[in-house]
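Trainee: See entry.txt below, with compact mmCIF, C-alpha atoms.
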```txt
# COMPACT_ATOMS: atom_id res chain seq x y z
CA MET A 1 -19.84 73.38 27.58
CA LEU A 2 -23.34 74.07 26.45
CA ARG A 3 -23.92 77.09 28.67
CA ARG A 4 -20.83 78.84 27.25
CA CYS A 5 -21.89 78.52 23.62
CA GLY A 6 -24.12 81.58 23.73
CA ASN A 7 -21.23 83.91 24.57
CA ALA A 8 -18.23 81.94 23.35
CA ASN A 9 -15.69 83.67 21.12
CA ASN A 10 -13.68 80.49 20.80
CA GLU A 11 -14.90 78.34 17.91
CA LYS A 12 -13.65 75.24 19.72
CA ASP A 13 -15.95 75.89 22.68
CA CYS A 14 -19.02 75.54 20.49
CA LYS A 15 -17.99 72.77 18.16
CA GLY A 16 -20.99 70.63 17.32
CA PHE A 17 -23.58 72.90 18.96
CA LEU A 18 -26.08 75.42 17.65
CA ARG A 19 -25.30 79.09 18.11
CA PRO A 20 -27.92 81.51 19.50
CA PHE A 21 -29.28 82.59 16.10
CA GLU A 22 -29.62 78.93 15.11
CA MET A 23 -31.26 78.05 18.41
CA ALA A 24 -33.91 80.67 17.80
CA VAL A 25 -35.00 78.75 14.74
CA PHE A 26 -34.94 75.31 16.32
CA CYS A 27 -36.01 75.93 19.91
CA CYS A 28 -38.94 78.32 19.76
CA CYS A 29 -41.27 76.19 21.89
CA VAL A 30 -39.11 74.59 24.55
CA THR A 31 -36.07 75.37 26.70
CA ALA A 32 -33.97 72.87 24.80
CA ILE A 33 -30.73 72.92 22.83
CA LEU A 34 -30.59 70.62 19.84
CA LEU A 35 -27.19 69.07 19.35
CA LEU A 36 -26.56 68.21 15.70
CA THR A 37 -22.89 67.45 15.21
CA SER A 38 -20.58 65.59 12.88
CA SER A 39 -17.68 65.88 15.35
CA LEU A 40 -19.37 63.65 17.89
CA ALA A 41 -16.35 62.66 19.92
CA ASN A 42 -15.37 66.28 20.66
CA ALA A 43 -18.98 67.30 21.13
CA HIS A 44 -19.62 64.54 23.66
CA ASP A 45 -16.59 65.53 25.69
CA LEU A 46 -17.82 69.11 25.74
CA ALA A 47 -21.37 68.03 26.53
CA SER A 48 -20.54 65.82 29.49
CA PRO A 49 -21.89 67.22 32.79
CA GLN A 50 -19.08 65.36 34.50
CA ALA A 51 -16.35 66.70 32.21
CA GLU A 52 -15.92 70.08 33.93
CA ALA A 53 -16.64 70.50 37.61
CA GLY A 54 -17.58 74.15 37.32
CA GLN A 55 -20.28 73.56 34.75
CA ALA A 56 -21.49 70.46 36.58
CA ASN A 57 -22.28 72.66 39.57
CA VAL A 58 -24.33 74.95 37.36
CA ASP A 59 -26.23 72.00 35.89
CA GLN A 60 -26.91 70.59 39.32
CA GLN A 61 -28.79 73.74 40.22
CA ASP A 62 -31.42 73.45 37.50
CA GLY A 63 -31.35 69.88 36.25
CA PHE A 64 -30.10 70.63 32.70
CA LEU A 65 -29.33 67.29 31.10
CA ILE A 66 -27.78 65.72 28.02
CA LEU A 67 -29.63 62.86 26.33
CA GLN A 68 -27.96 60.62 23.78
CA THR A 69 -29.97 59.30 20.86
CA ASN A 70 -29.60 57.72 17.46
CA LEU A 71 -31.51 58.20 14.23
CA HIS A 72 -34.52 55.91 14.27
CA PRO A 73 -37.28 57.01 11.86
CA PRO A 74 -40.06 57.86 12.48
CA TYR A 75 -39.36 58.24 16.21
CA GLN A 76 -36.33 60.46 15.76
CA GLU A 77 -35.01 61.57 12.39
CA LEU A 78 -33.26 64.47 10.69
CA GLN A 79 -35.44 66.64 8.50
CA ASN A 80 -33.66 69.54 6.82
CA GLY A 81 -30.96 69.35 9.46
CA ILE A 82 -33.42 69.40 12.37
CA LEU A 83 -33.85 66.46 14.72
CA SER A 84 -37.57 65.77 14.90
CA GLY A 85 -40.01 62.89 15.15
CA TYR A 86 -42.62 61.45 17.47
CA SER A 87 -40.36 60.80 20.47
CA VAL A 88 -38.65 64.19 20.17
CA SER A 89 -42.01 65.97 20.20
CA ILE A 90 -42.98 64.08 23.36
CA LEU A 91 -39.72 65.02 25.10
CA ASN A 92 -40.18 68.66 24.08
CA CYS A 93 -43.64 68.60 25.63
CA VAL A 94 -42.40 66.90 28.82
CA PHE A 95 -39.43 69.15 29.50
CA ASP A 96 -41.41 72.25 28.59
CA ARG A 97 -43.94 71.31 31.28
CA LEU A 98 -41.14 70.62 33.75
CA ASP A 99 -39.27 73.81 32.72
CA ILE A 100 -36.00 71.89 32.40
CA GLY A 101 -33.46 72.54 29.65
CA TYR A 102 -32.00 69.61 27.82
CA GLY A 103 -29.72 68.82 24.91
CA LEU A 104 -29.66 65.99 22.40
CA ALA A 105 -26.59 64.37 20.90
CA ILE A 106 -26.62 61.88 18.04
CA ALA A 107 -24.33 58.86 18.06
CA PRO A 108 -24.49 55.11 17.40
CA ARG A 109 -26.54 53.19 19.96
CA GLN A 110 -23.61 51.28 21.45
CA ARG A 111 -21.68 54.51 22.03
CA ASN A 112 -24.77 56.11 23.54
CA ARG A 113 -25.13 53.33 26.08
CA GLU A 114 -21.46 53.51 26.93
CA MET A 115 -21.72 57.29 27.42
CA VAL A 116 -24.52 56.74 29.96
CA ARG A 117 -22.71 53.86 31.66
CA THR A 118 -19.52 55.89 32.15
CA GLY A 119 -21.34 59.04 33.30
CA LYS A 120 -20.53 61.15 30.23
CA ALA A 121 -24.21 61.58 29.42
CA ASP A 122 -27.32 61.82 31.55
CA GLY A 123 -29.58 59.56 29.55
CA PHE A 124 -30.34 57.67 26.35
CA PHE A 125 -33.48 57.16 24.24
CA LEU A 126 -35.29 55.33 22.77
CA ALA A 127 -34.36 52.04 24.37
CA ARG A 128 -36.18 48.84 25.15
CA ILE A 129 -36.19 47.79 28.79
CA SER A 130 -33.20 45.52 29.40
CA ASP A 131 -31.50 43.96 32.40
CA ALA A 132 -28.11 45.16 31.15
CA MET A 133 -29.10 48.84 31.18
CA ASP A 134 -30.95 48.45 34.47
CA GLU A 135 -27.57 47.92 36.11
CA TYR A 136 -26.44 51.50 35.50
CA ALA A 137 -29.56 53.43 34.49
CA VAL A 138 -33.23 53.86 35.43
CA ALA A 139 -36.06 53.62 32.87
CA SER A 140 -38.87 56.11 32.46
CA ASN A 141 -42.41 55.14 31.61
CA PRO A 142 -42.64 54.26 27.89
CA LEU A 143 -42.74 56.99 25.29
CA ALA A 144 -43.70 54.68 22.45
CA LEU A 145 -44.75 51.16 21.63
CA GLU A 146 -43.11 49.36 18.75
CA LYS A 147 -44.71 46.48 16.92
CA TRP A 148 -41.94 44.07 15.91
CA VAL A 149 -42.58 41.89 12.88
CA TRP A 150 -40.68 39.32 10.87
CA VAL A 151 -40.38 40.51 7.27
CA SER A 152 -39.50 37.94 4.62
CA PRO A 153 -39.92 37.52 0.85
CA ALA A 154 -43.48 36.71 -0.16
CA ILE A 155 -44.40 33.08 -0.82
CA LYS A 156 -47.63 31.37 -1.80
CA SER A 157 -50.18 30.95 0.99
CA ASP A 158 -50.22 27.17 0.54
CA ASP A 159 -46.46 26.91 0.93
CA PRO A 160 -45.60 24.95 4.12
CA ARG A 161 -43.26 27.79 5.10
CA ALA A 162 -46.11 30.35 5.12
CA SER A 163 -46.62 30.22 8.90
CA ARG A 164 -43.01 29.48 9.80
CA ARG A 165 -40.93 31.83 11.95
CA PRO A 166 -37.17 31.54 12.33
CA LYS A 167 -35.84 29.84 15.45
CA PRO A 168 -32.36 30.11 16.96
CA GLY A 169 -30.04 27.61 15.32
CA ASP A 170 -32.31 26.66 12.40
CA PHE A 171 -29.84 28.04 9.80
CA SER A 172 -32.16 30.80 8.59
CA THR A 173 -30.52 34.03 7.46
CA VAL A 174 -31.78 36.56 10.02
CA GLY A 175 -31.15 40.29 9.73
CA ALA A 176 -31.58 43.40 11.86
CA ILE A 177 -30.40 46.99 11.89
CA LEU A 178 -26.89 47.39 13.28
CA GLY A 179 -26.99 48.32 16.98
CA SER A 180 -30.79 48.30 17.12
CA ASN A 181 -33.09 47.11 19.89
CA GLU A 182 -34.07 44.22 17.62
CA ALA A 183 -30.45 43.16 17.09
CA GLU A 184 -29.83 43.15 20.85
CA TRP A 185 -32.94 41.08 21.49
CA LEU A 186 -32.04 38.54 18.81
CA LEU A 187 -28.66 37.93 20.43
CA GLU A 188 -30.31 37.54 23.84
CA GLN A 189 -32.69 34.95 22.36
CA GLY A 190 -29.83 32.87 20.99
CA TYR A 191 -29.73 33.98 17.35
CA THR A 192 -25.95 33.84 17.04
CA ASP A 193 -25.47 34.59 13.33
CA VAL A 194 -27.38 37.83 12.78
CA MET A 195 -26.71 39.88 9.67
CA ARG A 196 -26.44 43.50 10.82
CA VAL A 197 -27.33 46.10 8.18
CA PRO A 198 -26.68 49.83 8.73
CA SER A 199 -30.18 51.15 7.92
CA ILE A 200 -33.81 50.10 7.61
CA ALA A 201 -33.78 50.91 3.90
CA SER A 202 -30.77 48.66 3.33
CA LEU A 203 -32.34 45.87 5.36
CA VAL A 204 -35.63 46.01 3.45
CA GLY A 205 -33.71 46.02 0.19
CA GLN A 206 -31.75 42.94 1.28
CA VAL A 207 -35.01 41.11 2.04
CA ALA A 208 -36.52 42.13 -1.31
CA ALA A 209 -33.40 40.85 -3.09
CA GLY A 210 -33.58 37.53 -1.25
CA ARG A 211 -30.26 37.95 0.55
CA VAL A 212 -31.97 38.00 3.97
CA GLU A 213 -34.65 35.38 4.70
CA TYR A 214 -36.10 37.08 7.78
CA ALA A 215 -35.64 40.61 9.12
CA LEU A 216 -36.89 41.66 12.55
CA VAL A 217 -38.07 45.29 12.38
CA ASP A 218 -40.60 47.74 13.73
CA LYS A 219 -43.62 47.51 11.43
CA HIS A 220 -44.16 51.26 11.14
CA SER A 221 -40.50 51.82 10.22
CA PHE A 222 -40.69 48.98 7.70
CA GLU A 223 -43.74 50.45 5.97
CA ILE A 224 -42.05 53.85 5.65
CA ALA A 225 -38.89 52.29 4.18
CA ARG A 226 -40.86 50.05 1.83
CA LYS A 227 -42.77 52.99 0.40
CA GLU A 228 -39.62 55.10 0.06
CA LEU A 229 -38.02 52.25 -1.89
CA LYS A 230 -41.19 52.01 -4.03
CA LEU A 231 -41.62 48.32 -3.23
CA ASN A 232 -45.11 46.85 -3.30
CA ALA A 233 -46.48 45.23 -0.16
CA ASP A 234 -47.10 41.98 -2.04
CA LYS A 235 -43.35 41.42 -2.30
CA PHE A 236 -43.19 40.72 1.43
CA ARG A 237 -44.64 38.43 4.06
CA VAL A 238 -45.12 40.15 7.44
CA GLN A 239 -45.60 38.16 10.66
CA PHE A 240 -46.19 39.68 14.08
CA GLU A 241 -43.62 38.86 16.78
CA ARG A 242 -44.22 41.11 19.81
CA TYR A 243 -44.95 44.57 21.18
CA VAL A 244 -41.97 46.35 22.70
CA PRO A 245 -42.26 49.48 24.90
CA LEU A 246 -39.53 52.09 24.35
CA VAL A 247 -38.27 54.26 27.21
CA VAL A 248 -35.76 56.92 28.18
CA TYR A 249 -32.97 55.59 30.39
CA PHE A 250 -31.47 58.06 32.89
CA SER A 251 -28.09 57.35 34.44
CA LYS A 252 -28.22 56.43 38.11
CA HIS A 253 -25.79 59.30 38.76
CA TYR A 254 -28.28 61.81 37.36
CA VAL A 255 -31.24 60.24 39.16
CA ALA A 256 -29.30 60.34 42.44
CA THR A 257 -28.53 64.04 41.86
CA PHE A 258 -32.12 64.88 40.90
CA PRO A 259 -34.23 62.23 42.65
CA ARG A 260 -37.59 63.84 41.86
CA LEU A 261 -37.08 64.23 38.12
CA LEU A 262 -38.12 60.74 37.04
CA ASP A 263 -41.38 60.78 39.02
CA GLU A 264 -42.20 64.26 37.71
CA LEU A 265 -41.40 63.20 34.14
CA ASN A 266 -43.59 60.10 34.39
CA ALA A 267 -46.41 62.19 35.85
CA VAL A 268 -46.53 64.61 32.90
CA LEU A 269 -46.01 61.95 30.21
CA GLU A 270 -49.72 61.19 30.15
CA PHE A 271 -50.38 64.79 29.06
CA CYS A 272 -47.87 64.57 26.22
CA GLU A 273 -48.39 61.04 24.87
CA THR A 274 -51.73 61.33 23.13
CA ARG A 275 -51.54 59.01 20.12
CA PRO A 276 -52.91 55.49 20.52
CA MET A 277 -51.70 52.59 18.44
CA ARG A 278 -54.56 51.36 16.31
CA LEU A 279 -55.54 47.74 16.60
CA GLU A 280 -55.16 46.02 13.28
CA THR A 281 -58.05 43.94 11.96
CA TRP A 282 -56.37 40.64 12.87
CA GLU A 283 -55.65 41.90 16.39
CA ARG A 284 -59.22 42.97 16.99
CA GLU A 285 -60.46 39.65 15.64
CA ALA A 286 -58.01 37.78 17.88
CA ILE A 287 -59.32 39.62 20.95
CA GLU A 288 -62.92 38.97 19.92
CA ASN A 289 -62.27 35.27 19.34
CA VAL A 290 -59.90 34.48 22.21
CA GLN A 291 -60.29 36.88 25.15
CA LEU A 292 -63.79 38.31 24.72
CA PRO A 293 -65.68 35.00 25.24
CA ASP A 294 -63.96 34.48 28.61
CA ILE A 295 -64.72 38.06 29.65
CA ARG A 296 -68.39 37.68 28.70
CA GLN A 297 -68.59 34.43 30.64
CA PHE A 298 -67.08 36.09 33.68
CA ALA A 299 -69.48 39.07 33.39
CA SER A 300 -72.47 36.68 33.42
CA SER A 301 -71.25 34.46 36.26
CA LEU A 302 -73.40 34.03 39.37
CA GLU A 303 -70.45 34.82 41.63
CA LEU A 304 -69.82 38.19 39.96
CA TRP A 305 -73.54 39.07 40.01
CA GLY A 306 -73.68 38.35 43.73
CA HIS A 307 -70.70 40.59 44.50
CA VAL A 308 -72.06 43.38 42.27
CA PHE A 309 -75.53 43.21 43.89
CA ASN A 310 -73.99 43.40 47.37
CA GLN A 311 -71.74 46.29 46.46
CA LEU A 312 -74.52 48.29 44.79
CA ASP A 313 -76.62 47.96 47.94
CA GLY A 314 -73.90 49.62 50.00
CA THR A 315 -72.79 52.27 47.50
CA GLU A 316 -73.82 55.90 47.92
CA ILE A 317 -74.80 57.64 44.68
CA GLN A 318 -72.81 60.85 44.69
CA GLY A 319 -74.09 64.13 43.28
CA SER A 320 -72.18 65.75 40.43
CA ASP A 321 -70.23 68.15 42.68
CA GLN A 322 -69.30 65.48 45.20
CA LYS A 323 -68.33 63.05 42.43
CA ARG A 324 -66.10 65.69 40.88
CA LEU A 325 -64.32 66.30 44.20
CA THR A 326 -63.94 62.57 44.80
CA ASP A 327 -62.52 62.14 41.32
CA GLU A 328 -60.05 65.01 41.69
CA GLU A 329 -58.71 63.68 44.99
CA TRP A 330 -58.53 60.15 43.56
CA ILE A 331 -56.57 61.30 40.48
CA THR A 332 -54.17 63.49 42.45
CA LEU A 333 -53.26 60.75 44.92
CA SER A 334 -53.11 57.96 42.32
CA ARG A 335 -50.47 59.89 40.38
CA GLU A 336 -48.37 59.77 43.52
CA GLY A 337 -49.00 56.04 43.90
CA ALA A 338 -51.36 56.58 46.84
CA ALA A 339 -55.04 55.79 47.36
CA SER A 340 -57.71 58.13 48.71
CA ALA A 341 -59.91 57.01 51.59
CA ILE A 342 -62.72 56.02 49.19
CA ALA A 343 -60.29 54.19 46.89
CA THR A 344 -58.84 52.30 49.84
CA GLU A 345 -62.32 51.27 50.95
CA ILE A 346 -63.22 50.04 47.47
CA LEU A 347 -59.95 48.12 47.12
CA GLY A 348 -60.83 46.22 50.28
CA ASN A 349 -64.38 45.18 49.39
CA ASP A 350 -65.38 41.66 48.32
CA LEU A 351 -65.98 42.63 44.70
CA SER A 352 -62.43 43.94 44.37
CA LYS A 353 -61.05 40.79 45.96
CA TYR A 354 -63.03 38.69 43.48
CA LEU A 355 -61.70 40.77 40.56
CA ARG A 356 -58.15 40.16 41.79
CA THR A 357 -58.87 36.43 41.83
CA PHE A 358 -60.14 36.65 38.24
CA GLN A 359 -57.07 38.61 37.14
CA ALA A 360 -54.71 36.12 38.77
CA SER A 361 -56.49 33.21 37.05
CA ILE A 362 -55.87 34.77 33.63
CA GLY A 363 -52.22 35.57 34.23
CA GLU A 364 -50.10 38.30 32.66
CA GLN A 365 -52.52 38.85 29.78
CA VAL A 366 -54.83 40.89 32.04
CA ALA A 367 -53.36 43.97 33.71
CA GLU A 368 -56.50 45.19 35.48
CA ALA A 369 -60.22 44.64 35.88
CA PHE A 370 -62.76 47.04 37.34
CA VAL A 371 -66.53 47.47 37.59
CA PHE A 372 -68.43 50.77 37.49
CA ASP A 373 -72.12 51.40 38.14
CA THR A 374 -74.73 53.09 35.95
CA HIS A 375 -73.58 56.48 37.27
CA GLY A 376 -69.97 55.87 36.27
CA GLN A 377 -68.71 55.31 39.81
CA ILE A 378 -66.04 52.66 40.37
CA ILE A 379 -67.45 50.05 42.77
CA GLY A 380 -64.76 47.38 42.49
CA MET A 381 -61.24 47.14 41.05
CA SER A 382 -58.41 44.64 41.01
CA HIS A 383 -55.98 47.44 41.77
CA LEU A 384 -56.02 51.24 41.95
CA THR A 385 -57.33 52.82 38.75
CA SER A 386 -56.27 56.21 37.40
CA ASP A 387 -59.63 57.83 38.16
CA PHE A 388 -62.94 57.24 39.93
CA ASP A 389 -65.54 58.72 37.56
CA GLN A 390 -66.00 56.74 34.34
CA SER A 391 -68.97 58.73 33.06
CA ASP A 392 -66.69 60.79 30.81
CA GLU A 393 -64.88 57.73 29.42
CA ALA A 394 -65.67 55.86 26.20
CA GLN A 395 -66.55 52.66 28.09
CA PHE A 396 -69.45 54.39 29.85
CA GLN A 397 -71.50 54.05 26.66
CA MET A 398 -71.88 50.34 27.45
CA ILE A 399 -74.24 51.26 30.29
CA ASP A 400 -76.87 52.48 27.81
CA SER A 401 -76.09 50.08 24.99
CA LEU A 402 -79.23 48.43 23.65
CA ASN A 403 -77.19 45.76 21.91
CA ARG A 404 -76.29 43.44 24.80
CA GLU A 405 -73.97 41.42 22.57
CA LYS A 406 -71.86 44.45 21.81
CA ALA A 407 -68.48 44.94 23.45
CA LEU A 408 -66.29 48.03 23.37
CA ILE A 409 -62.69 47.22 22.45
CA THR A 410 -60.41 50.26 22.50
CA ASP A 411 -57.18 50.92 20.64
CA ILE A 412 -53.89 50.58 22.50
CA TRP A 413 -52.85 53.16 25.09
CA TYR A 414 -50.18 53.26 27.77
CA ASP A 415 -51.83 53.06 31.17
CA ALA A 416 -49.74 54.67 33.91
CA SER A 417 -51.59 52.92 36.73
CA THR A 418 -50.65 49.45 35.44
CA ARG A 419 -47.42 50.46 33.63
CA ALA A 420 -48.57 48.48 30.59
CA PHE A 421 -49.94 49.03 27.10
CA LEU A 422 -53.61 48.12 27.25
CA SER A 423 -56.64 47.59 25.11
CA HIS A 424 -59.71 48.01 27.32
CA ILE A 425 -62.57 45.58 26.77
CA THR A 426 -65.91 46.63 28.31
CA VAL A 427 -69.10 44.55 28.50
CA PRO A 428 -72.37 45.21 30.39
CA ILE A 429 -73.31 43.26 33.51
CA ILE A 430 -76.97 42.34 33.12
CA ASP A 431 -79.45 41.52 35.90
CA PRO A 432 -80.60 37.98 34.97
CA ASP A 433 -84.08 38.58 36.44
CA SER A 434 -85.01 42.04 35.20
CA GLY A 435 -82.76 42.22 32.14
CA GLN A 436 -81.58 45.67 33.26
CA THR A 437 -77.96 46.77 33.08
CA LEU A 438 -76.55 46.68 36.62
CA ALA A 439 -73.03 47.88 35.87
CA ALA A 440 -70.22 47.37 33.39
CA LEU A 441 -67.01 45.34 33.55
CA THR A 442 -63.81 46.67 32.02
CA VAL A 443 -60.80 44.42 31.54
CA GLY A 444 -57.44 45.94 30.66
CA LEU A 445 -55.78 43.53 28.24
CA ASN A 446 -51.99 43.69 28.29
CA VAL A 447 -51.43 43.54 24.54
CA SER A 448 -47.69 42.88 24.91
CA ALA A 449 -48.60 39.51 26.47
CA ALA A 450 -52.00 38.73 25.00
CA LEU A 451 -51.18 39.18 21.32
CA ARG A 452 -47.87 37.34 21.16
CA PRO A 453 -47.89 34.43 18.68
CA GLU A 454 -47.60 31.87 21.49
CA SER A 455 -50.70 33.39 23.15
```
Since I need it in another form, could you write the structure as structure tokens?
Mentor:
Amino acid sequence: MLRRCGNANNEKDCKGFLRPFEMAVFCCCVTAILLLTSSLANAHDLASPQAEAGQANVDQQDGFLILQTNLHPPYQELQNGILSGYSVSILNCVFDRLDIGYGLAIAPRQRNREMVRTGKADGFFLARISDAMDEYAVASNPLALEKWVWVSPAIKSDDPRASRRPKPGDFSTVGAILGSNEAEWLLEQGYTDVMRVPSIASLVGQVAAGRVEYALVDKHSFEIARKELKLNADKFRVQFERYVPLVVYFSKHYVATFPRLLDELNAVLEFCETRPMRLETWEREAIENVQLPDIRQFASSLELWGHVFNQLDGTEIQGSDQKRLTDEEWITLSREGAASAIATEILGNDLSKYLRTFQASIGEQVAEAFVFDTHGQIIGMSHLTSDFDQSDEAQFQMIDSLNREKALITDIWYDASTRAFLSHITVPIIDPDSGQTLAALTVGLNVSAALRPES
């Protein structure tokens, strides 16, 4: 078992695990043990919290857990024998904050899922949210957002196939990485004859050689592989398919043993996940052309003006100290899924009810809508926001914007309050009589729904 490796004299006891002098190199910043093993079957048996009752009791005292993973550059990859990458750095941050030790074991995705299903491992990452895994595991909030694209050989722009995407049963040669999230999704969608290639580099090479017509891959991973293969971008046609959030799945056995862990992990994720996904030019243009006109129209509607006027009349302007205290209480309770007294009052006012009606009329593309006054105070919201004071947020600049036609469109972030990846669109609400800015409207656009091809 893992806890015996530090003092073990028996080579068999530590097969597949790092010894103390190796751990000092790899684990200087977090109470974690990195499991890099070529003897995976033996290592997994040793690493299972359920394999030996005595060690299981020790683990149950402090929450030490084993997470299965697979190599998936750039999210998790081996560099000079060390497992690193974006998702690994996030997990290190999370478990360091929680002061929980954890180990990582590398294996193929299908084996990883089976290890979690049978109770031989505590969790598995990175995984897309799926009904199959929901039966025996519980998902965390997302650690990353993948952008899935169809990659195919380049053709002329006037070719009738230029805008075509493969459909199930249309006899296109479709490829994906063996055991990947994309391969699973393709099968679920009815693509029955999927060519499964062992690595992203092999898959990109197959597309370049014309042996695969369409490959479904994460765009970031594709770009890395393309550059490593020294293939020019003009050899490929890239078409957006969808955004896919990636999570850690914890076995229901582990969650039942440590019922608070998942909530605590989700609560600290926002302090560790700090990198937004940049909107590409076409995405920003799509938002400006499709969603922004409707948002502007709503912001200038007589009904919204009336509700904003009424709410401003009854809103107390808080001093800086009082606003800070209100904000702190709001944030603390919202992280627990609760609303403060002020938040509850705002949720029940007519402006908030009208914002919920607007959100419902748009559908799944909008995850939230809220209005804040010229002091940054929330005065109406479709549902509970993460904080009360918007004066320290980027969207507050719209209050003083002299260009009334300007809108602030942010890059993509995961929003814990809506459990969605959002791009926030903020426009000023202008008094039609005086021309003064009354407040600002922010709409949280769910990019996973709003930027799909069918949208």
Trainee: A:Leu441, A:Val197, A:Ile399, A:Ala339: which is nearest Trp305 (chain A), counting all atoms listed in the file?
Mentor: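 Looking only at the distances to Trp305 (chain A), the closest residue turns out to be A:Leu441.
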Trainee: To one decimal place in Å, what is the distance between CA of Trp150 (chain A) and CA of Arg284 (chain A)?
Mentor: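 CA of Arg284 (chain A) lies at a distance of 19.9 Å from CA of Trp150 (chain A).
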Trainee: Looking at A:Ser180, A:Gln239, A:Ser417, A:Ser300, which one is nearest to Met195 (chain A), with distances taken over all atoms listed in the file?
Mentor: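 For Met195 (chain A), the nearest of the given residues is A:Ser180.
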Trainee: Tell me which protein, DNA and RNA residues are within 10 Å of Val268 (chain A), counting all atoms listed in the file, leaving out same-chain ones fewer than 5 positions away, and put them as a ChimeraX atom specification.
Mentor: /A:93-95,97-98,263,273,335
Trainee: Using only C-alpha atoms and a cutoff of 9 Å, can you tell me which residues are near (-62.7, 62.2, 45.8) in the file's coordinates, and write them out as a ChimeraX atom specification?
Mentor: /A:322-331,340-343,388
Trainee: Find the spatial neighbours of Ala225 (chain A), counting only C-alpha atoms, within a cut-off of 8 Å - ignore same-chain residues fewer than 3 positions away - and output them as JSON, numbers by chain.
Mentor: {"A": [200, 201, 204, 221, 222, 228, 229]}
Trainee: Can you tell me how far CA of Asp431 (chain A) sits from CA of Thr344 (chain A), in Å to one decimal?
Mentor: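 CA of Asp431 (chain A) sits 27.1 Å away from CA of Thr344 (chain A).
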Trainee: Compile a residue-level contact table for region 230-303 of chain A against region 163-179 of chain A at a cut-off of 12 Å, reporting for every qualifying residue the shortest atom pair and its distance in Å to one decimal, with only C-alpha atoms counted, rows ordered by chain and ascending number, as CSV.
Mentor:
```
residue,atom,partner,partner_atom,distance
A:Arg237,CA,A:Ser163,CA,9.7
A:Val238,CA,A:Ser163,CA,10.1
A:Gln239,CA,A:Arg165,CA,8.0
A:Phe240,CA,A:Arg165,CA,9.7
A:Glu241,CA,A:Arg165,CA,8.9
```
Trainee: When you look at Thr426 (chain A) with a cut-off of 9 Å (counting only C-alpha atoms), what residues show up, excluding the ones that are within fewer than 6 positions of it in the same chain? I need them as a CSV table (one decimal) with C-alpha atoms, keeping the file's coordinate frame.
Mentor:
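The resulting around-v1.csv:
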```
chain,number,residue,atom,x,y,z
A,295,ILE,CA,-64.7,38.1,29.6
A,395,GLN,CA,-66.6,52.7,28.1
A,396,PHE,CA,-69.4,54.4,29.8
A,398,MET,CA,-71.9,50.3,27.4
A,407,ALA,CA,-68.5,44.9,23.4
A,408,LEU,CA,-66.3,48.0,23.4
A,409,ILE,CA,-62.7,47.2,22.4
A,410,THR,CA,-60.4,50.3,22.5
A,440,ALA,CA,-70.2,47.4,33.4
A,441,LEU,CA,-67.0,45.3,33.6
A,442,THR,CA,-63.8,46.7,32.0
A,443,VAL,CA,-60.8,44.4,31.5
A,444,GLY,CA,-57.4,45.9,30.7
```
Trainee: Please indicate the distance in Å from CA of Gln110 (chain A) to CA of Leu145 (chain A), rounded to one decimal place.
Mentor: 21.1 Å
Trainee: Could you tell me which of A:Lys353, A:Arg117, A:Lys230, A:Arg296 comes closest to Pro428 (chain A) if we count all atoms listed in the file?
Mentor: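 Looking only at the distances to Pro428 (chain A), the closest residue turns out to be A:Arg296.
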Trainee: Taking all atoms listed in the file into account, name the residue in A:Arg113, A:Lys156, A:Arg278, A:His307 that is nearest to Phe236 (chain A).
Mentor: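 The shortest atom-to-atom distance to Phe236 (chain A) comes from A:Lys156.
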Trainee: Under the rule that all atoms listed in the file are counted, which of A:Leu186, A:Ile412, A:Leu231, A:Leu71 is the nearest residue to Gly205 (chain A)?
Mentor: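 Among A:Leu186, A:Ile412, A:Leu231, A:Leu71, it is A:Leu231 that comes nearest to Gly205 (chain A).
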